$ cat work.cif   # mmCIF, C-alpha atoms
data_coords
loop_
_atom_site.label_atom_id
_atom_site.label_comp_id
_atom_site.auth_asym_id
_atom_site.auth_seq_id
_atom_site.Cartn_x
_atom_site.Cartn_y
_atom_site.Cartn_z
CA MET A 1 0.00 0.00 0.00
CA ASN A 2 1.18 3.55 -0.58
CA LYS A 3 2.56 5.56 2.32
CA PRO A 4 -0.04 7.16 4.59
CA VAL A 5 -0.86 10.80 4.07
CA LEU A 6 0.49 12.99 6.88
CA PRO A 7 -1.06 16.38 7.70
CA VAL A 8 1.80 18.67 6.58
CA SER A 9 5.37 18.67 5.29
CA SER A 10 8.31 21.01 5.87
CA TYR A 11 7.88 22.73 2.49
CA GLN A 12 6.05 26.01 2.10
CA LEU A 13 5.73 28.87 -0.35
CA LYS A 14 3.72 32.01 -0.99
CA LEU A 15 0.70 31.60 -3.25
CA PRO A 16 -1.77 34.20 -4.55
CA THR A 17 -5.43 33.98 -3.59
CA ALA A 18 -8.62 35.08 -5.33
CA ASN A 19 -8.93 38.20 -3.15
CA ARG A 20 -5.52 39.43 -4.42
CA SER A 21 -3.74 38.60 -1.17
CA ILE A 22 -0.73 36.31 -0.74
CA GLU A 23 -0.91 33.34 1.60
CA THR A 24 1.81 31.15 3.01
CA TYR A 25 0.91 27.65 1.90
CA ARG A 26 2.42 24.63 3.65
CA LEU A 27 2.41 21.41 1.67
CA ALA A 28 0.85 18.17 2.82
CA ALA A 29 3.17 15.20 3.06
CA SER A 30 3.16 13.48 -0.33
CA ARG A 31 1.96 10.00 -1.11
CA ALA A 32 4.44 7.67 -2.80
CA PHE A 33 3.00 5.80 -5.77
CA PRO A 34 4.91 3.00 -7.51
CA ALA A 35 6.85 3.89 -10.65
CA LYS A 36 5.77 0.64 -12.31
CA LEU A 37 2.53 -1.26 -12.60
CA GLN A 38 1.62 -3.28 -9.53
CA GLY A 39 -0.30 -6.33 -10.75
CA PRO A 40 -2.71 -6.92 -13.65
CA LEU A 41 -5.48 -4.54 -14.70
CA ASN A 42 -9.10 -5.29 -15.55
CA ARG A 43 -9.63 -2.03 -17.42
CA VAL A 44 -7.90 -0.86 -20.60
CA ALA A 45 -6.50 2.58 -19.81
CA PHE A 46 -4.86 5.05 -22.17
CA SER A 47 -3.14 8.30 -21.33
CA ALA A 48 -3.51 10.87 -24.07
CA ALA A 49 0.05 12.14 -23.87
CA HIS A 50 1.49 15.63 -24.32
CA VAL A 51 4.57 16.62 -26.31
CA VAL A 52 7.62 18.32 -24.84
CA PHE A 53 8.65 21.51 -26.61
CA ASP A 54 12.33 22.13 -27.31
CA PRO A 55 12.96 25.52 -25.64
CA LEU A 56 16.43 25.88 -27.20
CA ALA A 57 15.24 25.47 -30.79
CA ASP A 58 15.60 28.49 -33.04
CA ALA A 59 11.86 28.54 -33.65
CA ASP A 60 8.90 30.72 -32.77
CA PRO A 61 6.53 28.67 -30.58
CA TRP A 62 3.43 30.26 -32.12
CA LEU A 63 4.50 29.18 -35.59
CA THR A 64 6.70 26.09 -35.32
CA ALA A 65 6.22 22.93 -33.27
CA ALA A 66 9.84 22.28 -32.29
CA VAL A 67 9.60 19.01 -30.35
CA ASP A 68 12.16 17.65 -27.89
CA TRP A 69 11.89 14.12 -29.20
CA ASP A 70 14.00 12.47 -26.49
CA ARG A 71 11.94 13.92 -23.63
CA THR A 72 8.69 13.31 -25.48
CA ILE A 73 9.41 9.61 -25.98
CA ALA A 74 10.81 9.31 -22.45
CA PHE A 75 7.44 10.46 -21.14
CA ARG A 76 5.74 7.70 -23.12
CA GLU A 77 8.13 5.17 -21.58
CA HIS A 78 7.03 6.47 -18.18
CA VAL A 79 3.38 5.87 -19.13
CA TRP A 80 4.07 2.37 -20.46
CA ASN A 81 6.04 1.45 -17.32
CA LEU A 82 2.87 2.14 -15.37
CA GLY A 83 0.85 -0.30 -17.48
CA LEU A 84 -1.10 2.39 -19.32
CA GLY A 85 -1.45 2.72 -23.06
CA VAL A 86 -0.54 5.85 -24.99
CA ALA A 87 -3.15 7.61 -27.10
CA GLU A 88 -0.79 9.34 -29.49
CA ALA A 89 -1.06 12.62 -31.39
CA MET A 90 -4.43 13.54 -29.90
CA ASP A 91 -5.68 16.89 -28.66
CA THR A 92 -3.57 16.54 -25.48
CA ALA A 93 -0.52 16.65 -27.77
CA GLN A 94 -1.99 19.93 -29.13
CA ARG A 95 -2.99 18.21 -32.35
CA GLY A 96 -4.49 20.86 -34.60
CA MET A 97 -3.71 23.40 -31.87
CA GLY A 98 -0.04 23.94 -32.62
CA LEU A 99 0.97 20.45 -33.73
CA ASP A 100 0.47 20.02 -37.49
CA TRP A 101 -0.01 16.77 -39.39
CA PRO A 102 3.60 16.29 -40.61
CA THR A 103 4.91 16.69 -37.04
CA SER A 104 2.09 14.50 -35.72
CA LEU A 105 3.02 11.77 -38.17
CA GLU A 106 6.66 11.89 -37.08
CA LEU A 107 5.47 11.66 -33.47
CA ILE A 108 3.32 8.64 -34.33
CA GLN A 109 6.18 6.94 -36.17
CA ARG A 110 8.58 7.49 -33.28
CA SER A 111 6.07 6.29 -30.69
CA VAL A 112 5.15 3.17 -32.63
CA ARG A 113 8.84 2.29 -33.00
CA ALA A 114 9.40 2.82 -29.28
CA ALA A 115 6.36 0.69 -28.44
CA LYS A 116 7.51 -2.16 -30.68
CA ALA A 117 11.01 -2.01 -29.19
CA ARG A 118 9.58 -2.85 -25.79
CA GLY A 119 7.45 -5.75 -26.96
CA ASN A 120 4.46 -4.01 -28.49
CA ALA A 121 3.49 -1.67 -25.70
CA LEU A 122 -0.03 -0.35 -26.14
CA VAL A 123 -0.32 2.66 -28.44
CA PHE A 124 -3.16 3.87 -30.64
CA SER A 125 -2.67 6.99 -32.78
CA GLY A 126 -4.92 9.72 -34.03
CA ALA A 127 -5.85 9.80 -37.70
CA GLY A 128 -8.01 12.70 -38.82
CA THR A 129 -8.32 15.30 -41.53
CA ASP A 130 -6.35 18.20 -40.05
CA HIS A 131 -4.01 18.54 -43.05
CA LEU A 132 -7.16 19.58 -44.97
CA ALA A 133 -8.07 23.11 -43.91
CA ALA A 134 -11.79 23.29 -43.18
CA GLU A 135 -12.21 26.10 -45.70
CA ASP A 136 -10.62 23.94 -48.41
CA ALA A 137 -13.05 21.06 -47.93
CA LYS A 138 -15.58 21.36 -50.75
CA SER A 139 -17.19 17.92 -50.63
CA LEU A 140 -17.60 14.84 -48.48
CA ASP A 141 -15.22 13.06 -50.83
CA ASP A 142 -12.53 15.59 -49.85
CA VAL A 143 -13.05 14.64 -46.22
CA ILE A 144 -13.00 10.92 -46.99
CA ARG A 145 -9.74 11.25 -48.97
CA ALA A 146 -8.17 13.17 -46.09
CA TYR A 147 -9.12 10.45 -43.62
CA GLU A 148 -7.83 7.78 -46.00
CA GLU A 149 -4.49 9.53 -46.37
CA GLN A 150 -3.85 9.75 -42.65
CA ILE A 151 -5.13 6.25 -41.90
CA ALA A 152 -2.84 4.84 -44.60
CA ALA A 153 0.13 6.70 -43.11
CA VAL A 154 -0.51 5.40 -39.58
CA GLU A 155 -1.07 1.85 -40.83
CA LYS A 156 2.15 2.07 -42.87
CA ALA A 157 3.97 2.98 -39.65
CA GLY A 158 2.55 -0.18 -38.06
CA GLY A 159 0.16 1.72 -35.80
CA ARG A 160 -3.39 1.24 -34.57
CA ILE A 161 -5.96 3.94 -35.29
CA ILE A 162 -8.03 6.40 -33.33
CA VAL A 163 -10.43 8.03 -35.79
CA MET A 164 -10.44 11.65 -34.70
CA ALA A 165 -13.35 14.02 -35.16
CA SER A 166 -13.00 16.15 -38.29
CA ARG A 167 -13.27 19.93 -38.34
CA ALA A 168 -13.72 19.76 -42.10
CA LEU A 169 -16.64 17.38 -41.75
CA ALA A 170 -18.16 19.56 -39.03
CA LYS A 171 -18.00 22.49 -41.43
CA ILE A 172 -19.54 20.93 -44.52
CA GLY A 173 -21.63 18.09 -43.06
CA ARG A 174 -25.23 19.22 -43.37
CA ASN A 175 -27.09 16.36 -41.73
CA PRO A 176 -26.59 12.94 -40.09
CA ASP A 177 -26.59 11.20 -43.47
CA ASP A 178 -23.40 13.06 -44.42
CA TYR A 179 -21.66 11.72 -41.31
CA VAL A 180 -22.93 8.20 -41.94
CA LYS A 181 -21.56 8.32 -45.49
CA VAL A 182 -18.10 9.43 -44.35
CA TYR A 183 -17.78 7.00 -41.45
CA ASP A 184 -19.19 4.10 -43.51
CA ARG A 185 -16.50 4.66 -46.13
CA VAL A 186 -13.69 5.12 -43.64
CA LEU A 187 -14.55 2.19 -41.38
CA SER A 188 -15.03 -0.18 -44.29
CA GLN A 189 -11.34 0.22 -45.18
CA VAL A 190 -9.42 0.01 -41.89
CA ARG A 191 -7.19 -3.02 -41.36
CA GLU A 192 -7.78 -3.45 -37.64
CA PRO A 193 -10.53 -2.31 -35.26
CA VAL A 194 -10.28 1.38 -34.42
CA ILE A 195 -11.29 3.67 -31.58
CA ILE A 196 -13.74 6.39 -32.60
CA HIS A 197 -13.32 9.72 -30.83
CA TRP A 198 -16.37 11.92 -30.25
CA LEU A 199 -14.88 15.20 -29.05
CA GLY A 200 -17.32 17.79 -27.79
CA ASP A 201 -17.19 21.46 -28.71
CA MET A 202 -16.10 22.38 -25.16
CA PHE A 203 -12.76 20.85 -26.19
CA ASP A 204 -12.82 22.26 -29.73
CA PRO A 205 -15.43 24.87 -30.69
CA ALA A 206 -14.96 23.96 -34.38
CA LEU A 207 -16.68 20.62 -33.66
CA ALA A 208 -20.07 22.05 -32.74
CA ASN A 209 -23.10 20.08 -34.03
CA TYR A 210 -21.02 16.98 -34.69
CA TRP A 211 -22.94 14.04 -36.17
CA GLY A 212 -25.03 16.57 -38.09
CA THR A 213 -27.28 17.92 -35.37
CA PRO A 214 -27.13 20.30 -32.37
CA ASN A 215 -29.32 17.89 -30.40
CA LEU A 216 -27.06 15.59 -28.37
CA ASP A 217 -29.69 12.88 -28.06
CA ALA A 218 -30.08 12.77 -31.84
CA ALA A 219 -26.30 12.93 -32.26
CA MET A 220 -25.93 9.91 -30.00
CA ASP A 221 -28.46 8.01 -32.09
CA VAL A 222 -26.32 8.66 -35.18
CA ALA A 223 -23.06 7.75 -33.46
CA VAL A 224 -24.44 4.53 -31.94
CA GLY A 225 -25.91 3.55 -35.30
CA VAL A 226 -22.59 4.01 -37.10
CA ILE A 227 -20.61 2.18 -34.41
CA ASN A 228 -22.96 -0.80 -34.05
CA THR A 229 -23.27 -1.18 -37.83
CA HIS A 230 -19.48 -1.49 -38.02
CA ALA A 231 -18.93 -3.23 -34.68
CA ALA A 232 -16.39 -5.65 -36.17
CA LYS A 233 -14.24 -2.67 -37.19
CA VAL A 234 -14.59 -0.74 -33.91
CA ASP A 235 -12.55 -1.57 -30.81
CA GLY A 236 -14.28 1.17 -28.85
CA VAL A 237 -15.52 4.71 -28.67
CA LYS A 238 -14.07 7.56 -26.62
CA VAL A 239 -16.68 10.09 -25.57
CA SER A 240 -15.48 13.53 -24.47
CA LEU A 241 -18.67 15.40 -23.60
CA LEU A 242 -18.13 15.87 -19.85
CA ASP A 243 -21.60 14.41 -19.28
CA LYS A 244 -21.50 11.21 -17.25
CA GLN A 245 -25.13 10.21 -17.77
CA ARG A 246 -24.85 10.47 -21.56
CA GLU A 247 -21.78 8.26 -21.41
CA VAL A 248 -23.57 5.66 -19.29
CA ASP A 249 -26.57 5.75 -21.60
CA MET A 250 -24.37 5.32 -24.65
CA ARG A 251 -22.30 2.45 -23.30
CA ARG A 252 -25.50 0.54 -22.51
CA ARG A 253 -26.50 0.86 -26.17
CA LEU A 254 -23.21 -0.27 -27.70
CA ASP A 255 -22.69 -3.66 -29.30
CA ARG A 256 -21.29 -6.07 -26.69
CA GLY A 257 -17.98 -6.23 -28.53
CA VAL A 258 -17.41 -2.47 -28.45
CA LYS A 259 -15.69 -0.83 -25.47
CA MET A 260 -16.65 2.51 -23.98
CA TYR A 261 -13.54 4.56 -23.23
CA THR A 262 -14.40 7.38 -20.87
CA GLY A 263 -13.12 10.77 -21.93
CA ASP A 264 -14.92 12.45 -19.03
CA ASP A 265 -12.20 14.28 -17.14
CA PHE A 266 -14.80 15.41 -14.57
CA ASN A 267 -16.29 12.05 -13.58
CA TYR A 268 -13.82 9.34 -14.60
CA ALA A 269 -13.45 7.65 -11.21
CA GLU A 270 -17.10 6.63 -10.92
CA LEU A 271 -17.38 5.81 -14.63
CA ILE A 272 -14.37 3.49 -14.52
CA ALA A 273 -15.63 1.85 -11.32
CA GLY A 274 -18.92 1.25 -13.10
CA ASP A 275 -22.29 0.04 -11.88
CA GLU A 276 -24.32 -3.16 -11.84
CA VAL A 277 -24.75 -2.98 -15.62
CA GLY A 278 -21.24 -2.17 -16.80
CA PHE A 279 -18.22 0.11 -16.68
CA SER A 280 -16.06 2.33 -18.84
CA HIS A 281 -12.46 1.79 -19.83
CA ALA A 282 -10.36 4.97 -20.02
CA LEU A 283 -8.77 7.23 -22.59
CA LEU A 284 -8.06 10.41 -20.68
CA GLY A 285 -5.92 13.50 -20.92
CA ILE A 286 -5.80 13.76 -17.13
CA PHE A 287 -4.03 10.38 -16.98
CA ASP A 288 -1.00 12.19 -18.43
CA ALA A 289 -0.81 14.31 -15.27
CA ILE A 290 -1.76 11.61 -12.74
CA ALA A 291 -0.35 8.46 -14.37
CA PRO A 292 1.28 6.94 -11.24
CA ALA A 293 -1.87 7.42 -9.15
CA ALA A 294 -4.11 6.18 -11.98
CA SER A 295 -2.00 3.06 -12.46
CA TYR A 296 -1.97 2.22 -8.77
CA ALA A 297 -5.70 2.89 -8.38
CA LEU A 298 -6.52 0.66 -11.35
CA SER A 299 -4.36 -2.12 -9.93
CA ARG A 300 -6.29 -1.89 -6.65
CA LEU A 301 -9.60 -2.08 -8.52
CA ALA A 302 -8.43 -5.19 -10.37
CA ALA A 303 -7.42 -6.74 -7.05
CA GLY A 304 -10.95 -6.28 -5.74
CA ASP A 305 -10.03 -3.35 -3.50
CA ALA A 306 -12.68 -0.83 -4.52
CA ALA A 307 -12.05 1.26 -1.41
CA GLY A 308 -8.35 1.50 -2.28
CA PHE A 309 -9.24 2.50 -5.84
CA HIS A 310 -11.44 5.36 -4.68
CA ASP A 311 -8.99 6.37 -1.93
CA VAL A 312 -6.30 6.99 -4.56
CA LEU A 313 -8.29 8.17 -7.57
CA GLY A 314 -11.04 10.13 -5.84
CA PRO A 315 -8.75 12.94 -4.60
CA THR A 316 -7.43 13.46 -8.15
CA VAL A 317 -10.86 14.46 -9.48
CA PRO A 318 -10.90 18.02 -8.05
CA LEU A 319 -7.54 18.63 -9.72
CA SER A 320 -8.84 17.30 -13.02
CA ARG A 321 -11.97 19.43 -12.86
CA HIS A 322 -9.77 22.45 -12.26
CA ILE A 323 -7.36 21.66 -15.11
CA PHE A 324 -10.29 21.06 -17.49
CA LYS A 325 -12.44 24.00 -16.38
CA ALA A 326 -13.81 26.31 -19.06
CA PRO A 327 -12.40 27.26 -21.49
CA THR A 328 -11.72 23.51 -21.51
CA ARG A 329 -9.55 23.68 -24.64
CA PHE A 330 -6.83 25.29 -22.51
CA TYR A 331 -6.44 22.20 -20.33
CA LYS A 332 -3.13 21.31 -22.01
CA THR A 333 -1.47 24.12 -20.05
CA GLY A 334 -2.27 22.39 -16.77
CA ILE A 335 -1.14 19.02 -18.10
CA VAL A 336 2.26 20.38 -19.14
CA PHE A 337 2.59 22.36 -15.91
CA MET A 338 2.16 19.12 -13.95
CA ALA A 339 4.86 17.49 -16.07
CA TYR A 340 7.16 20.41 -15.26
CA LEU A 341 6.42 20.28 -11.52
CA ASN A 342 7.05 16.52 -11.48
CA GLY A 343 10.37 16.64 -13.33
CA HIS A 344 9.38 15.14 -16.69
CA GLN A 345 10.71 18.27 -18.41
CA ASP A 346 12.98 21.10 -17.34
CA HIS A 347 10.86 24.04 -18.46
CA PHE A 348 7.32 25.32 -18.75
CA THR A 349 7.31 26.19 -22.45
CA MET A 350 4.69 24.80 -24.80
CA VAL A 351 3.97 24.36 -28.47
CA GLY A 352 2.06 27.42 -29.61
CA GLY A 353 3.19 29.40 -26.57
CA GLN A 354 0.20 27.96 -24.72
CA GLU A 355 1.86 28.22 -21.32
CA SER A 356 0.23 31.68 -21.38
CA THR A 357 -3.38 30.46 -21.60
CA ARG A 358 -3.97 30.07 -17.86
CA SER A 359 -3.70 32.70 -15.14
CA THR A 360 -1.33 32.79 -12.19
CA LEU A 361 -4.29 32.13 -9.91
CA HIS A 362 -5.18 29.06 -11.95
CA LEU A 363 -1.66 27.65 -11.65
CA ALA A 364 -1.56 28.39 -7.92
CA GLU A 365 -4.81 26.50 -7.34
CA LEU A 366 -3.53 23.65 -9.51
CA PHE A 367 -0.51 23.40 -7.22
CA ARG A 368 -2.69 23.27 -4.10
CA LEU A 369 -4.97 20.59 -5.54
CA ALA A 370 -2.08 18.48 -6.83
CA ASP A 371 -0.50 18.64 -3.40
CA LYS A 372 -3.71 17.68 -1.60
CA ALA A 373 -4.11 14.67 -3.89
CA GLY A 374 -0.54 13.52 -3.21
CA LEU A 375 0.48 14.02 -6.84
CA LEU A 376 3.70 16.01 -6.39
CA ALA A 377 6.27 13.26 -6.79
CA ASN A 378 9.12 15.35 -5.40
CA PRO A 379 7.71 18.13 -3.18
CA GLU A 380 11.04 19.92 -2.89
CA LEU A 381 11.45 20.09 -6.67
CA ALA A 382 7.81 21.03 -7.22
CA THR A 383 8.00 23.80 -4.63
CA ARG A 384 11.18 25.20 -6.13
CA ARG A 385 9.73 25.17 -9.64
CA MET A 386 6.45 26.72 -8.51
CA LYS A 387 8.44 29.53 -6.90
CA THR A 388 10.32 30.07 -10.17
CA VAL A 389 7.11 30.43 -12.18
CA LEU A 390 5.57 32.72 -9.58
CA SER A 391 8.67 34.89 -9.58
CA LEU A 392 8.39 35.32 -13.34
CA ARG A 393 4.77 36.40 -12.77
CA GLY A 394 5.66 38.98 -10.13
CA ILE A 395 5.31 37.00 -6.89
CA GLU A 396 8.58 36.68 -5.02
CA ALA A 397 9.29 33.85 -2.62
#
$ encode --input "work.cif" --output "structure tokens"
Amino acid sequence: MNKPVLPVSSYQLKLPTANRSIETYRLAASRAFPAKLQGPLNRVAFSAAHVVFDPLADADPWLTAAVDWDRTIAFREHVWNLGLGVAEAMDTAQRGMGLDWPTSLELIQRSVRAAKARGNALVFSGAGTDHLAAEDAKSLDDVIRAYEEQIAAVEKAGGRIIVMASRALAKIGRNPDDYVKVYDRVLSQVREPVIIHWLGDMFDPALANYWGTPNLDAAMDVAVGVINTHAAKVDGVKVSLLDKQREVDMRRRLDRGVKMYTGDDFNYAELIAGDEVGFSHALLGIFDAIAPAASYALSRLAAGDAAGFHDVLGPTVPLSRHIFKAPTRFYKTGIVFMAYLNGHQDHFTMVGGQESTRSTLHLAELFRLADKAGLLANPELATRRMKTVLSLRGIEA
């Protein structure tokens, strides 16, 4: 079992508060989670993983995605060591939000090679249409060809597919029949079963009215129809709507051979635990930030220790809700900040300069919540790095 949580530690720092004052915050004693998987799992769990920017590259972060490949792959090794899969080149990696398709493909190729080198570690990779600008998509055939091109590239690299939602399709798709046509064509051609990603517009405003309707109940009818029609070609579906009841309703309607992968970064603990009817597997951006705790909690669940599962994973939910608060699309900043605090990278610089998308107050509250959940792996390092960021933002230690 992990070490017990003590009331306080010897580390403290000054943090800003919402009333514009500065408080002295003393850290709780951290919990120590194993660095490797402890026992088998009975849920499939993916971390949608971030990329590490190269801060020494002669590149403008707004314009060029200069990736530190060694650190980026090292982070994936960390995830695999914990028994989690990697969902590669997804929105957590700033796909379509700073990371373009050519760089995404290189990331996929490197990750697939790294996974194969360690005995086929679990990795699925995003294939979408983001090399086709939405304004250049004139027909559904344009969208289909774009999907085909990316799927072929991932399959050529030896990778498994996550079919990402398409901004181009969201722009020109007029009704559910348009979506059915595109997905029918795409799914009929894939070599191996894929994961379908339904990403809500809170994550990407360009995906509003996906599945051809603004009505989410009708949209679910379309999605379930497509998935169940092609059940042999669908490993599972990841739903990112931040609506736990819709996810439960949808998973109860899926073909028995199709997995539900929760993408609900607000309610994942209870959705993974499940109910008397079923449960969700996981494909979550927050698992990037909390991978050691997630791995240990899942191992406890598999061992029949539901109380241990909730004891570890439950306290991470307030942090996740904070990181993913509206505007939700800026959650990547919190994910990368956690990686910086926990020593997975030596800087807080992001693709697209997105380290600037969250306020100092937001980062301060993130630090408090991470500490309370026992997620600061090295409190001394995390405190020192938090002080550095605060100093740059005008708050001296």
$ atom_distance --input "work.cif" --atom1 "atom CA of A:Ala307" --atom2 "atom CA of A:Ile272"
13.5 Å
$ atom_distance --input "work.cif" --atom1 "atom CA of A:Arg174" --atom2 "atom CA of A:Thr213"
8.4 Å
$ resolve_selection --input "work.cif" --expression "the PyMOL selection byres ((chain A and resi 109) around 12)" --output "ChimeraX atom specification"
/A:69,73,88-89,102-108,110-116,123-126,153-160
$ atom_distance --input "work.cif" --atom1 "atom CA of A:Leu301" --atom2 "atom CA of A:Ile162"
26.3 Å
$ resolve_selection --input "work.cif" --expression "the PyMOL selection byres ((chain A and resi 12-17) around 8)" --output "JSON, numbers by chain"
{"A": [10, 11, 18, 19, 20, 21, 22, 23, 24, 25, 26, 27, 360, 361, 364, 383, 387, 395, 396, 397]}
$ closest_residue --input "work.cif" --among "A:Asp221, A:Asp100, A:Asp184, A:Asp204" --to "A:Thr328" --atoms "all atoms listed in the file"
A:Asp204
$ residues_around --input "work.cif" --residues "A:Gly353" --least-positions-apart "5" --cutoff "12 Å" --atoms "all atoms listed in the file" --output "PyMOL selection string"
chain A and resi 53-55+59-66+94+97-99+330+332-333+336+348+358
$ resolve_selection --input "work.cif" --expression "the PyMOL selection byres ((chain A and resi 129) around 8)" --output "PyMOL selection string"
chain A and resi 127-128+130-132+143+146-147+150+166-168
$ axis_aligned_box --input "work.cif" --around "stretch 313-323 of chain A" --padding-each-side "6 Å" --output "JSON"
{"center_x": -9.7, "center_y": 15.3, "center_z": -9.9, "size_x": 16.6, "size_y": 26.3, "size_z": 22.5}
$ residues_around --input "work.cif" --residues "A:Ile323" --least-positions-apart "5" --cutoff "8 Å" --atoms "all atoms listed in the file" --output "PyMOL selection string"
chain A and resi 328+331+334-335+366
$ closest_atom_pairs --input "work.cif" --of "stretch 302-363 of chain A" --to "stretch 378-382 of chain A" --cutoff "8 Å" --atoms "only C-alpha atoms" --output "Markdown table"
| residue | atom | partner | partner_atom | distance |
| --- | --- | --- | --- | --- |
| A:Leu341 | CA | A:Ala382 | CA | 4.6 |
| A:Asn342 | CA | A:Ala382 | CA | 6.3 |
| A:Gly343 | CA | A:Leu381 | CA | 7.6 |
$ write_last_selection --input "work.cif" --atoms "C-alpha atoms" --output "mmCIF file, in the frame of the given file"
data_model
loop_
_atom_site.group_PDB
_atom_site.id
_atom_site.type_symbol
_atom_site.label_atom_id
_atom_site.label_comp_id
_atom_site.auth_asym_id
_atom_site.auth_seq_id
_atom_site.Cartn_x
_atom_site.Cartn_y
_atom_site.Cartn_z
ATOM 1 C CA LEU A 341 6.420 20.280 -11.520
ATOM 2 C CA ASN A 342 7.050 16.520 -11.480
ATOM 3 C CA GLY A 343 10.370 16.640 -13.330
#
$ decode --input "work.cif" --residues "stretch 269-288 of chain A" --atoms "C-alpha atoms" --output "mmCIF file, in the first residue's frame"
data_model
loop_
_atom_site.group_PDB
_atom_site.id
_atom_site.type_symbol
_atom_site.label_atom_id
_atom_site.label_comp_id
_atom_site.auth_asym_id
_atom_site.auth_seq_id
_atom_site.Cartn_x
_atom_site.Cartn_y
_atom_site.Cartn_z
ATOM 1 C CA ALA A 269 -13.451 7.654 -11.208
ATOM 2 C CA GLU A 270 -17.102 6.626 -10.922
ATOM 3 C CA LEU A 271 -17.382 5.814 -14.631
ATOM 4 C CA ILE A 272 -14.372 3.491 -14.516
ATOM 5 C CA ALA A 273 -15.631 1.853 -11.318
ATOM 6 C CA GLY A 274 -18.920 1.247 -13.095
ATOM 7 C CA ASP A 275 -22.288 0.041 -11.879
ATOM 8 C CA GLU A 276 -24.325 -3.159 -11.843
ATOM 9 C CA VAL A 277 -24.751 -2.983 -15.618
ATOM 10 C CA GLY A 278 -21.239 -2.170 -16.800
ATOM 11 C CA PHE A 279 -18.221 0.110 -16.680
ATOM 12 C CA SER A 280 -16.055 2.326 -18.843
ATOM 13 C CA HIS A 281 -12.455 1.791 -19.826
ATOM 14 C CA ALA A 282 -10.362 4.970 -20.018
ATOM 15 C CA LEU A 283 -8.766 7.232 -22.586
ATOM 16 C CA LEU A 284 -8.059 10.412 -20.681
ATOM 17 C CA GLY A 285 -5.916 13.504 -20.925
ATOM 18 C CA ILE A 286 -5.796 13.757 -17.127
ATOM 19 C CA PHE A 287 -4.027 10.383 -16.984
ATOM 20 C CA ASP A 288 -1.004 12.193 -18.432
#
